[in-house]
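Trainee: Next up is a structure, given as structure tokens.
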Amino acid sequence: MAKLTILAAALLALLALAEASTYRTTITTTTIEEENPRGGGSQRCREQFHQQQQLRHCQMYMRQGSQYDAELALAMVDGVNPQRQQHLTECCRQLRNIDEQCRCQAIREMVRQQQMGGGSQQEEMQEMAQKAQYLPRRCNMEPQQCQIRAVWF
């Protein structure tokens with residue numbers, strides 16, 4: 001009889017343990033925000049982006065680069081294309097007026113707007129996104145490279 005009671009108690013304990021582990025669930029939520037870890041957050045970055053005319057000169061520089069590469073290659077033999085150089089100079093000025101912590105977010109937003117604007121082939125947009133990664137390096141500023149993830153609509 002004692003063995004039967006011990007066996008029943010052990011079975012009851014195992015059943016209770018199995019029941020408890022069935023309802024034990026861990027939920028992990030990951031939220032990625034492009035917040036500035038030093039404070040201020042992405043709202044401040046968006047404001048700076050808009051104050052710098054949504055990096056319009058960077059857009060023009062990028063657009064010229066992807067649309068006229070063959071012409072630019074020929075122009076480079078004779079010297080630097082002055083219009084493209086002017087857009088790059090103004091692009092760098094606009095980027096310098098954006099806090100270092102906000103530059104990549106601004107460049108990503110510029111690329112996103114270019115993609116949403118349409119009118120370009122997917123290959124051109126991909127090339128533009130790749131070039132946009134290195135805009136800070138072309139302007140000799142930090143960070144040297146921004147991660148741009150191309151999203152096609």
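Each chain in the structure tokens gets a letter, A, B and so on, in the order shown; residues start at 1 in every chain, and ligands are counted from 1 in the order they appear.
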Which residues are close to A:Gln83, i.e. within 10 Å by only C-alpha atoms, leaving aside same-chain residues fewer than 6 positions away? Reply as a PyMOL selection string.
Mentor: chain A and resi 60-61+64+89
Trainee: Produce a file of the selected residues containing N, CA, C and O atoms, as a PDB file, in the first residue's frame.
Mentor:
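And here's part.pdb as it stands now:
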ATOM      1  N   MET A  60      20.627  65.429 -55.806  1.00  0.00           N
ATOM      2  CA  MET A  60      21.026  65.832 -57.161  1.00  0.00           C
ATOM      3  C   MET A  60      22.364  65.192 -57.533  1.00  0.00           C
ATOM      4  O   MET A  60      22.537  64.698 -58.650  1.00  0.00           O
ATOM      5  N   TYR A  61      23.289  65.192 -56.583  1.00  0.00           N
ATOM      6  CA  TYR A  61      24.606  64.581 -56.826  1.00  0.00           C
ATOM      7  C   TYR A  61      24.438  63.092 -57.131  1.00  0.00           C
ATOM      8  O   TYR A  61      25.013  62.578 -58.086  1.00  0.00           O
ATOM      9  N   GLN A  64      22.684  62.574 -60.587  1.00  0.00           N
ATOM     10  CA  GLN A  64      23.597  62.814 -61.706  1.00  0.00           C
ATOM     11  C   GLN A  64      24.556  61.650 -61.871  1.00  0.00           C
ATOM     12  O   GLN A  64      24.840  61.238 -62.976  1.00  0.00           O
ATOM     13  N   THR A  89      29.775  69.547 -53.307  1.00  0.00           N
ATOM     14  CA  THR A  89      30.193  70.554 -52.330  1.00  0.00           C
ATOM     15  C   THR A  89      29.014  70.979 -51.461  1.00  0.00           C
ATOM     16  O   THR A  89      29.131  71.050 -50.228  1.00  0.00           O
TER      17      THR A  89
END
Trainee: Name the residues in contact with A:Arg138 at a cut-off of 9 Å, using only C-alpha atoms, excluding same-chain residues fewer than 6 positions from it; report them as a list in words.
Mentor: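 Skipping anything fewer than 6 positions along the chain leaves Leu88, Cys92 and Gln144 of chain A.
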Trainee: Could you please determine the separation between atom CA of A:Ile107 and atom CA of A:Ala132 in Å, to one decimal place?
Mentor: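 These two atoms are separated by 6.8 Å.
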Trainee: Compare A:Gln53, A:Arg96, A:Gln145, A:Gln126 by their minimum atom-to-atom distance to A:Arg112, counting only C-alpha atoms, and give me the closest one.
Mentor: A:Gln126
Trainee: Quick check, in Å to one decimal: how far apart do atom CA of A:Arg46 and atom CA of A:Glu127 lie?
Mentor: 24.3 Å
Trainee: Which of these residues is nearest to A:Ala106, using only C-alpha atoms: A:Met128, A:Met1, A:Ala10, A:Cys58?
Mentor: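 Under the stated criterion, the closest residue is A:Cys58.
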Trainee: Which value, in Å to one decimal, gives the distance between atom CA of A:His57 and atom CA of A:Glu142?
Mentor: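 Distance between the two atoms: 18.8 Å.
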Trainee: For A:Gln51, find every residue with an atom within 12 Å (counting only C-alpha atoms), except residues of its own chain fewer than 5 positions away, and show them as JSON, numbers by chain.
Mentor: {"A": [44, 45, 46, 56, 94, 95, 97, 98, 99, 106]}
